[in-house]
Structures are given as structure tokens and as C-alpha cells.
Amino acid sequence: MLKDAAIPMTLIHPTRRGLVAATTGLLAAPAIWTRASAQAAAPNPNAPGSAVIDVDRARTDPIPVAIPVFVGNGGDTERLGRDIAGVITNNLARSGLFRPIDPAAFIGKTGDGVAVNFGNWKAIGAQALVTGKIDSQGGDKVRVEFRLWDVLPGLQIQGTAYTTTLSNWRRIAHIISDVIYERMLGEKGYFDTRVVYIAGSGPRDRRVKRLAIMDQDGENNRFLTDGGFLALTPRFHPTRDQIAFMSYVNDKPRVYLFDLANGRQQMLGNFPGITLSPRFAPDGNSVIMAQTTASGSDIYLIGLGGGGARRLTDSGAIDVSPCFSPDGTQIVFNSDRGGDQQLYVMDAGGGGVKRISFGRGRYATPVWSPRGDLIAFTRQSSDTFAIGIMRPDGSGERILSESFFCEAPTWAPNGRVLMFYRETAARDSRGNGYSSRLVSIDIAGFNERAITTPTDASDPAWSPLLQ
């Protein structure tokens with residue numbers, strides 16, 4: 001079955017909530033496109049003939065998938081057909097869980113994806129097949145149709161069509177990639193997301209650090225601030241186009257809110273000391289952050305309007321980098337209250353503090369997985385930094401990556417992949433100090449990949465799935 005989904009044409013944050021699909025005769029009635037309704041409309045992954053593959057199996061034996069160029073009907077649709085297939089191919093390949101088959105191995109013509117010669121695809125070892133076509137709808141609108149096939153039994157397991165603008169084609173490719181990921185692996189994808197980060201340029205002792213944002217694959221990069229003031233530690237709001245970050249406006253380090261729709265910034269609260277390391281609460285109505293005091297720093301919860309600040313710690317130590325659990329009942333943070341920098345978990349109200357890190361070294365930048373099952377962290381031991389994960393009770397600690405310097409893990413919204421930044425001691429051709437790059441890695445510790453950015457990059461924060 002093929003279902004239609006209309007995609008809006010706004011520039012900053014296209015939304016899929018409550019959009020009525022076009023009637024095409026492929027459905028008995030129009031459908032509403034949301035991620036939830038798409039899942040409900042899709043075939044049951046546990047039903048007979050399901051193509052769902054266990055993720056652990058896909059790690060060791062990536063799924064061979066064929067992704068022919070989507071068929072166009074002339075003009076811009078021919079180019080879009082190539083571009084969309086290319087983005088889907090790159091997304092799935094970068095996940096490490098799929099093995100796109102070289103198009104040079106394809107046999108015969110791919111056609112429009114409705115009449116499929118499964119024998120040709122079986123002959124080249126494809127387990128899954130993605131076909132599609134693009135039709136001009138007049139003006140700048142196009143209709144993008146795709147189908148996902150389980151090659152061995154010769155069954156269609158997904159069919160969806162989207163109506164959008166020519167300029168929105170890349171986002172359609174990410175959405176299709178998410179659908180394929182979920183249908184084949186039984187888990188939510190993470191391709192239709194963005195990453196906000198700190199773009200660094202200039203000599204090491206005079207770095208210009210700007211807020212920047214890009215798609216998760218490094219495309220559509222743009223700067224959000226002009227570099228007039230230092231920016232650090234950006235974090236996405238769970239549902240709004242809003243970022244919390246630390247800014248040195250007028251040499252006063254404070255937490256600010258940045259509105260992606262209009263570029264406006266506002267200081268969050270007027271505290272006497274420095275405010276730093278902000279993160280939104282899961283309900284999006286408040287921000288948890290640290291504020292410096294004469295003896296160290298404490299953790300506060302403050303409403304988005306800047307009022308109702310509530311102090312959660314008062315240890316006389318340095319308590320920083322707080323992060324809520326997804327259900328909002330607990331907070332992980334790092335503190336030197338025990339004499340060394342370690343990770344602690346407490347109740348959302350500030351009580352029941354319990355240390356959870358006991359390995360060799362100092363621990364920092366904890367962040368709770370969206371699934372709630374793991375906490376990612378940075379660990380420094382001797383002269384080595386590492387990115388690791390542990391369970392919320394501190395058990396099961398595993399190091400995923402080590403280097404000269406790495407820090408600031410952030411989770412993909414499906415809890416499967418981490419991104420962080422790595423700094424190297426290698427100087428560039430002009431001798432300008434160190435360089436830093438964003439890196440992604442699977443939580444199993446495999447498939448480590450560098451993310452290309454136009455400048456040095458640090459402090460990444462992954463967005464939720466776009467809506």
C-alpha cells in the first residue's frame with residue numbers, strides 16, 4: 001500500500017504535525033502524516049514475512065540494500081531522483097548497519113518501482129530494495145513516491161508518497177531513510193535531525209566561537225551568531241526551535257536562549273555569578289544549569305521566562321553539567337564534593353544524591369540516553385581522554401573511544417549513536433595550534449566516523465526527530 005504525506009515548505013523547521021495528505025487514489029481516504037500515524041499505517045514488523053533484522057546481527061552482517069536512482073519525468077525531477085537516492089544511500093551506509101550495493105552491479109532497468117523483477121535483485125545479493133519516482137506537480141512542487149521491498153519473498157513492506165517543494169528534497173530523503181531504518185531494524189531512525197555546535201576559527205589563543213547548525217550529515221550548515229561574543233555548550237529544546245547556550249556577552253558569562261525562527265537571544269535569569277552548562281527539562285518548561293558561588297557552583301532549575309529559580313544543590317563544592325533523565329525523575333551531574341570530579345545522580349528535587357562513577361580518572365559532561373538506559377560521559381585518566389557509557393546505577397561502564405582529547409557526548413534521538421568532539425595536537429599549514437572535529441560512534445563502539453564541517457567544531461548537541 002502506498003500512502004501520501006504532504007510536507008510543508010517553511011524554511012527553518014518544517015513540521016509534519018497534522019498535515020493532510022493529498023488524495024491520489026492509492027488510499028481509500030486521505031491520511032494525516034505524523035511519525036506516529038506512519039508507524040500505525042505500516043505493516044506489523046512481527047507479522048509473517050516481516051523483514052525486521054536484529055540490530056546486533058546487522059552490526060556484524062550489514063543488510064545488503066539496493067537503491068536505484070528514483071525515476072523522474074523530466075526537468076528537475078531527473079536530478080532530484082539522483083540526489084534523493086544518493087542521500088538515502090549515504091545515510092544508510094553511514095549507520096554501519098546497511099551495505100548499499102554498487103549500482104554498477106544492477107541488472108537491467110529499474111523501472112518505476114511498481115513492476116519489480118525480483119530475480120535480478122536476488123542475483124546480486126540484495127535483501128532489500130528501495131524504488132521511487134518523482135513527478136512534477138506544477139510550480140515548485142513535486143511528489144516523491146518510494147517503496148521498500150523485501151527481495152527474497154518479493155513483498156512490498158512500505159509505500160509512501162510525499163508532496164513538497166523542490167528546495168525541500170534533502171529533508172524528504174532523510175525522512176525516507178528513517179522509514180527504511182525503522183522498517184528493517186525495528187528501531188526509530190535518526191536521519192531527519194539537526195546538530196547545533198560551536199564553530200571555532202582563528203588562532204588558539206584568540207578563538208572565535210560561533211553557534212552553528214547543520215543537518216546530521218553535515219549539510220545545510222549555517223552560522224547562527226556572528227562571533228562577536230564567545231558561545232559554548234548549546235542544547236536543543238525538546239519540542240521548540242529554541243537553543244539554550246552559554247554566551248560571554250559584554251564579558252559576562254550567562255546562559256541565554258536563542259530562537260531559531262527569528263535569531264533573537266535573551267538572557268535566562270539575572271544571577272550574581274556565572275551561569276553555565278544549561279539543559280532543558282524533558283517537558284521543555286524549564287532549564288537546569290549551574291551557577292557559580294564563592295565556594296564553587298550549585299545546580300538550579302529556572303523557568304523559561306527567567307523566574308521561579310530553585311536551588312537543587314548546596315554542597316559547597318563544584319556541581320556542574322546537570323542532565324535530566326528522560327522521564328524527569330532524576331538528574332545526573334558531575335561534582336568534586338568527594339575530593340575528585342565524579343558523576344552523581346539525585347532525585348529531581350535535589351535529594352537522594354548517590355555517586356555512580358568509580359573508575360580510574362575524572363568524569364564529566366554526563367548526558368542521559370533518550371531511552372533512559374544509559375549515561376554517556378567524558379573520562380580523563382592520566383594524559384588520555386575517553387568517551388564512555390554506563391548504566392544509571394554506575395554498572396556496566398564501557399569506553400567507546402579514546403584520544404589525546406575528546407569531550408561532550410550527545411545522543412542521537414534513538415539512543416543508538418553518540419556524537420562528540422575530538423581535538424588533535426596536529427598543527428595546520430600555518431602553524432595555528434590544534435584542530436577539533438565532530439565524531440559519531442555507535443554505542444557498541446563500532447563505526448566511528450568524522451563529521452565534515454567548514455570550520456573547527458566542538459560542543460555538539462543532537463536535536464530530537466523533527467516533527
# chains A, B, ... in the order shown; residues from 1 in each chain; ligands from 1

call {"tool": "select_by_dssp", "arguments": {"residues": "region 151-391 of chain A", "states": "helix (DSSP H, G or I)", "output": "list of chain:residue names"}}
result
A:Leu166, A:Ser167, A:Asn168, A:Trp169, A:Arg170, A:Arg171, A:Ile172, A:Ala173, A:His174, A:Ile175, A:Ile176, A:Ser177, A:Asp178, A:Val179, A:Ile180, A:Tyr181, A:Glu182, A:Arg183, A:Met184, A:Leu185, A:Arg204, A:Asp205, A:Arg206, A:Val249, A:Asn250, A:Asp251

call {"tool": "residues_around", "arguments": {"residues": "Arg222 (chain A)", "least_positions_apart": "3", "cutoff": "9 Å", "atoms": "only C-alpha atoms", "output": "PyMOL selection string"}}
result
chain A and resi 211-214

call {"tool": "atom_distance", "arguments": {"atom1": "CA of Thr89 (chain A)", "atom2": "CA of Glu187 (chain A)"}}
result
18.4 Å

call {"tool": "select_by_dssp", "arguments": {"residues": "region 60-239 of chain A", "states": "strand (DSSP E)", "output": "VMD selection string"}}
result
chain A and resid 63 to 66 98 to 100 128 to 136 141 to 150 155 to 165 194 to 201 208 to 215 222 to 223 231 to 236

call {"tool": "closest_residue", "arguments": {"among": "A:Gln266, A:Val55, A:Glu407, A:Val287", "to": "Arg183 (chain A)", "atoms": "only C-alpha atoms"}}
result
A:Val55

call {"tool": "residues_around", "arguments": {"residues": "Phe446 (chain A)", "least_positions_apart": "3", "cutoff": "10 Å", "atoms": "only C-alpha atoms", "output": "list in words"}}
result
Arg59, Gly96, Leu400, Ser401, Val417, Ser440, Ile441, Asp442, Ile443 and Arg449 of chain A

call {"tool": "write_last_selection", "arguments": {"atoms": "C-alpha atoms", "output": "PDB file, in the first residue's frame"}}
result
ATOM      1  CA  ARG A  59      26.368  -4.799  13.061  1.00  0.00           C
ATOM      2  CA  GLY A  96      27.098   0.929   9.587  1.00  0.00           C
ATOM      3  CA  LEU A 400      33.898   3.662  23.328  1.00  0.00           C
ATOM      4  CA  SER A 401      36.707   5.924  22.116  1.00  0.00           C
ATOM      5  CA  VAL A 417      24.540   6.688  18.208  1.00  0.00           C
ATOM      6  CA  SER A 440      29.981   9.900  15.666  1.00  0.00           C
ATOM      7  CA  ILE A 441      30.094   6.348  17.007  1.00  0.00           C
ATOM      8  CA  ASP A 442      27.654   3.507  17.624  1.00  0.00           C
ATOM      9  CA  ILE A 443      27.039   2.641  21.294  1.00  0.00           C
ATOM     10  CA  ARG A 449      33.140   8.405  11.676  1.00  0.00           C
TER      11      ARG A 449
END

call {"tool": "closest_residue", "arguments": {"among": "A:Phe405, A:Gly228, A:Gln216, A:Ile88", "to": "Val179 (chain A)", "atoms": "only C-alpha atoms"}}
result
A:Ile88

call {"tool": "residues_around", "arguments": {"residues": "Asn250 (chain A)", "least_positions_apart": "2", "cutoff": "12 Å", "atoms": "only C-alpha atoms", "output": "list of chain:residue names"}}
result
A:Gly228, A:Phe229, A:Leu230, A:Ser247, A:Tyr248, A:Lys252, A:Pro253, A:Arg254, A:Met267

call {"tool": "atom_distance", "arguments": {"atom1": "CA of Gln291 (chain A)", "atom2": "CA of Thr233 (chain A)"}}
result
14.6 Å

call {"tool": "residues_around", "arguments": {"residues": "Gly119 (chain A)", "least_positions_apart": "4", "cutoff": "12 Å", "atoms": "only C-alpha atoms", "output": "number ranges by chain"}}
result
A: 106-108, 123-127, 129, 151-154

call {"tool": "residues_around", "arguments": {"residues": "region 381-398 of chain A", "least_positions_apart": "6", "cutoff": "6 Å", "atoms": "only C-alpha atoms", "output": "MDAnalysis selection string"}}
result
chainID A and resid 356:357 361 374:375 404:406

call {"tool": "write_last_selection", "arguments": {"atoms": "N, CA and C atoms", "output": "mmCIF file, in the first residue's frame"}}
result
data_model
loop_
_atom_site.group_PDB
_atom_site.id
_atom_site.type_symbol
_atom_site.label_atom_id
_atom_site.label_comp_id
_atom_site.auth_asym_id
_atom_site.auth_seq_id
_atom_site.Cartn_x
_atom_site.Cartn_y
_atom_site.Cartn_z
ATOM 1 N N ILE A 356 27.925 7.510 41.231
ATOM 2 C CA ILE A 356 27.798 6.344 40.354
ATOM 3 C C ILE A 356 29.088 6.018 39.598
ATOM 4 N N SER A 357 30.085 6.897 39.571
ATOM 5 C CA SER A 357 31.327 6.612 38.841
ATOM 6 C C SER A 357 32.434 6.230 39.824
ATOM 7 N N GLY A 361 40.181 7.839 37.183
ATOM 8 C CA GLY A 361 40.156 9.090 36.456
ATOM 9 C C GLY A 361 39.036 10.008 36.911
ATOM 10 N N LEU A 374 21.056 4.354 29.619
ATOM 11 C CA LEU A 374 22.491 4.586 29.697
ATOM 12 C C LEU A 374 22.787 6.061 29.960
ATOM 13 N N ILE A 375 23.978 6.308 30.488
ATOM 14 C CA ILE A 375 24.502 7.661 30.649
ATOM 15 C C ILE A 375 25.850 7.718 29.938
ATOM 16 N N PHE A 404 43.845 11.876 22.395
ATOM 17 C CA PHE A 404 44.553 12.978 23.039
ATOM 18 C C PHE A 404 43.585 13.866 23.807
ATOM 19 N N PHE A 405 42.472 14.216 23.169
ATOM 20 C CA PHE A 405 41.427 14.971 23.853
ATOM 21 C C PHE A 405 40.099 14.724 23.145
ATOM 22 N N CYS A 406 39.087 14.340 23.886
ATOM 23 C CA CYS A 406 37.723 14.226 23.359
ATOM 24 C C CYS A 406 36.755 14.537 24.497
#

call {"tool": "residues_around", "arguments": {"residues": "Thr60 (chain A)", "least_positions_apart": "2", "cutoff": "12 Å", "atoms": "only C-alpha atoms", "output": "ChimeraX atom specification"}}
result
/A:53-58,62-63,96-99,444,446-447

call {"tool": "closest_residue", "arguments": {"among": "A:Ile180, A:Val353, A:Ile299, A:Val71", "to": "Glu145 (chain A)", "atoms": "only C-alpha atoms"}}
result
A:Val71
